[in-house]
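Q: Take this structure first; my questions come after.
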Amino acid sequence: MLDTKYDHIKVEENKYNDWKEKGYFNSGDKTKQPYSIVIPPPNVTGKLHIGHAYNVSIQDAIIRYKRMQGFDTLWLPGMDHAAIATEAKVVKRLKDQGINKYEYGREKFLDACWDWTHEYGGTIRDQWAAMGISVDYNKERFTLDEGLNKAVTKVFVDYYNKGLIYRGEKIINWDPAAKTALSNEEVIYSEEKSAFYHLKYKITGTEEYLDVATTRPETLFGDTAVAVNKDDERYKKYIGMTVELPFMNKSIPIIADEHADMEKGTGVVKITPAHDPNDFEVGNRHNLERICIMNDDATMNENCPAKYVGMTREDAREAVLEDLKAADLLLEIEPLVHEVGHSERTGVMVEPMIKEQWFVKMDGLAEQLLKIQTEKDNKVNFVPDRFENLLKSWMTDCHDWCISRQLWWGHRIPAWYKDGEIYVGMEAPEGEGWKQDEDVLDTWFSSALWPFSTLGWPDKTEDLERFYPNDCLVTAYDIIFFWVARMMFQSEELNGVRPFKDCIIHGLIRDKEGRKMSKSLGNGVDPFDMIDKYGVDALRYYLNTDVAFGTDLRFDETKLTSTWNYINKIWNASRFVLMNIEGLKELTFDNLTDEDKWILTKYEKIVKSSIAHMDKYEFNLFGTETYSFIYDDFCSNYIEFAKFNSESNTTKSVLCYVLTGILKLLHPFMPFVTEEIYQMLPIKDAESIMISEYPKYDKSFVDKETTKVVEEKIEFIKAFRNVKTENNIPKDAKVIINTNDEIIIKMLKLQDVMINEPEDIKSYDVKSGSYEATIFYEKEETEEDKALKEKQINDLKASIARRKNLLANENYVAKAPEALVNKERETLAKEEEQLALLTK
RNA sequence: GGGCGUUUAGCUCAGUUGGUUAGAGCAUCUGCCUUACAAGCAGAGGGUCAUAGGUUCGAGUCCUAUAACGCCCACCA
């Protein structure tokens, strides 16, 4: 028998391994319809956080639901090597041991990365188990494993041959800490206090000068021109002349270019083609020299005057400003707050640099994706759909994707060079002297293939045939650009199909005040602390049902407490049911009482709506509706009714039937506790609730007429209790009642107080539907009582007036649905009755 | 500069295609140890649904403006 209290620690013990060992998580029953989800592979950089917990909770709910509905479900687990992120961690670990990555060498470094991967991979698998997620471990993949490596290489080679991948010298975002190129998406802009420095560039051969406003004075060594707008009356006359570049002993031309905006700054822009993306474009238009003035670690190089060589960017800025000031070339410092790009991973300021890199040509891929999104049966359905707009706007205006990274941990680029020749292929070319590209690919290049590379692609495997396109993908909105978009265009280009049918986008988890969780604020929540305190069922249920998908979730521990209470409630209701149905051999539904019919009707209704909500991914609505069914209908009313009928095998059967259904409905969200209770049922349809059949709507149990009768009873009981509490009437007050309905009499404990003749004292009337009662109780009427009564009368009068007015409106009566109008009339009649009782 | 989202009870959020007097949890108040559950039970109070217009018999819901907050994108020297 169950304990009186729900003990989540005890309940969660041993179940996961048991499920796993029995093979419930595994796909492979080919007699069933396939259903597939691939997990967004977590980075092997560390432990899972609350966001991961949220993400996998949703997926597990979906996959358990589908499994119970009889699908051959594959939830494919895996992890991401996370090139730059992991490499940064390993570099740091080695550094702490006094080891330098470059001195250590590529091979040994990669070994260290693999060690790291195995270590954290194990942690992640343990955490998955603690979350109770039903992934098919037989199919687990890693983005750097052999199969995926092959897929990645093949895509690279094919794209190269199709001209979709090219190598080129462009200005790219350079991370001087990791010493690698980054894609635009890996650059995070944040506001920074800075200044507009007004520099004095003297015009050659005159006493005049130009006031050049810049935020980056230290890049002046790389200036190769200053630009003004051709229509700018102030500067027009100088076009074609030159200015003296400070400290460099050279003059650079004053050019006219549209980039110079008359409204901005002073209208004069210094042009540094090697260190600014705009200036790079200007340089291209005017054939300007590109002078790189920094080393890969963003220290100043030998293209700067000797004094500055070796300084960091920051030190160089200070030094330049000082020297400018000394030379009387610094006109003004205007404080300014502007957006500065930082590396997503290392956090350092990104330096635009000209480098030879590999790129994916985006225009055609983007166009194709946008076209497919217009086709109803081929598009990816976003939930909520507004995120499709976000995707579209990004795809409409996207730049070529820089995919090469100057890292070691990743898929090595399958390109070989010899004497200016390039060879791209699956294997190294024949012959001597070929040298493979040192670089690896952006980690997102391999994750973009995840929905199909994990299933064996490019081979035409059975899994690929069955499970691709995937049925669903679940991820947060912050990686739509990084990942979702790229999976889409890769899948569509390579296989001509969408990667998945539905794409569920959930929000981010914030703290109670709505702030992002961060290390520096110390407001992060460790999901595993919460699991210890409240159990994983409570955590999963809370995360899944708290908010609609797409909106951010403010994490509130008190809600976890109330979820725990809810589970405890279910636990105790189950305890009652189990105590009463012990020994039940089979379900019988003969001679159902009205109350039995009522709860069955309510139950079937909730089954129907639950399925609808599950299918539409409206988990929050599922939550509120099942909550009120379980709490109000089942616990507060039906169980109370059943207490007076506990010998009946039919009522026992109904209790068992409805409880079983409740457990099944909740199982996708609370797998452990529902399994624990399910195992104690005297009658069950499977050896585990995990593989039992999800409830189906059974119309034959629906009885609307009886339901109405019972609902009237419940209403009456409630009204009766209300009158008693409101008037502080003691239990033994005498009562005349017009029914001998056992349920009413027992629920209201009227057995010993019923009388037939009215007493000659003050009385209170209760009426609801066909039920009427009078309670006799002499009591001095206080001012409070009078006020209360007056309020009730006034409220009723107002309501009656409003309703009469409504029904007098011909337009309303003519246009509103008839049922609605009838209901209004009924309510009006009821209210008038009530009023009559009160004013009697 | 574009785009998106949010604004509903003290707090966190629901509110399907417009349809009674707008819901839940937590918090507050009153009364209860009623034999599944005091981490519970029976009740109560609390909202001019951000603002201003409009459409409609009827608007939290649809339309138009406005405001505040938040997010995303964009080459702001």
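By order of appearance in the structure tokens: chains A, B, ..., then residues from 1 within every chain, and ligands from 1 in the order shown.
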Using only C-alpha atoms (C1' of nucleotides), select each residue of chain B with any atom at most 9 Å away from an atom of chain A, and give the selection as a list in words.
A: G3, C4, G5, U12, C13, A14, G19, U20, U21, A24, G25, C26, G31, A36, C37, A39, G40, A42, G43, A44, C57, G58, C72, C73, C75, C76 and A77 of chain B
Q: Give me, as a list in words, all polymer residues having an atom no more than 7 Å from stretch 419-427 of chain A, counting only C-alpha atoms (C1' of nucleotides) and skipping those fewer than 5 positions away in the same chain.
A: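 In the requested form, the answer reads Thr153, Lys154, Val157 and Pro414 of chain A.
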Q: Output the selection as a compact mmCIF listing (two decimals), in the first residue's frame - C-alpha atoms for each residue.
A:
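Here's the written file selection-v7.txt:
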# COMPACT_ATOMS: atom_id res chain seq x y z
CA THR A 153 33.16 15.48 -45.90
CA LYS A 154 30.77 14.39 -48.60
CA VAL A 157 33.11 17.91 -51.54
CA PRO A 414 39.01 18.04 -47.03
Q: Do you know which residues are at most 9 Å from A:Pro77 counting only C-alpha atoms (C1' of nucleotides), after dropping those on the same chain fewer than 4 positions away, and could you put them as a list in words?
A: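 The neighbour list is Val38, Ile39, Pro40, Pro41, Val135, Asp136, Tyr137, Asn138, Lys139, Glu140, Arg141 and Phe142 of chain A.
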Q: Using the chain letters and numbers from this document, which residues of stretch 389-609 of chain A does DSSP assign to helix (DSSP H, G or I), as a ChimeraX atom specification?
A: /A:389-396,443-447,450-453,462-467,477-495,527-534,536-545,557-581,594-609
Q: Write out as a list in words each polymer residue whose atoms come within 12 Å of B:U61, counting only C-alpha atoms (C1' of nucleotides); drop sequence neighbours fewer than 3 positions from it.
A: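 My reading of the contact set: U8, G15, U16, U17, G18, G19, A22 and C49 of chain B.
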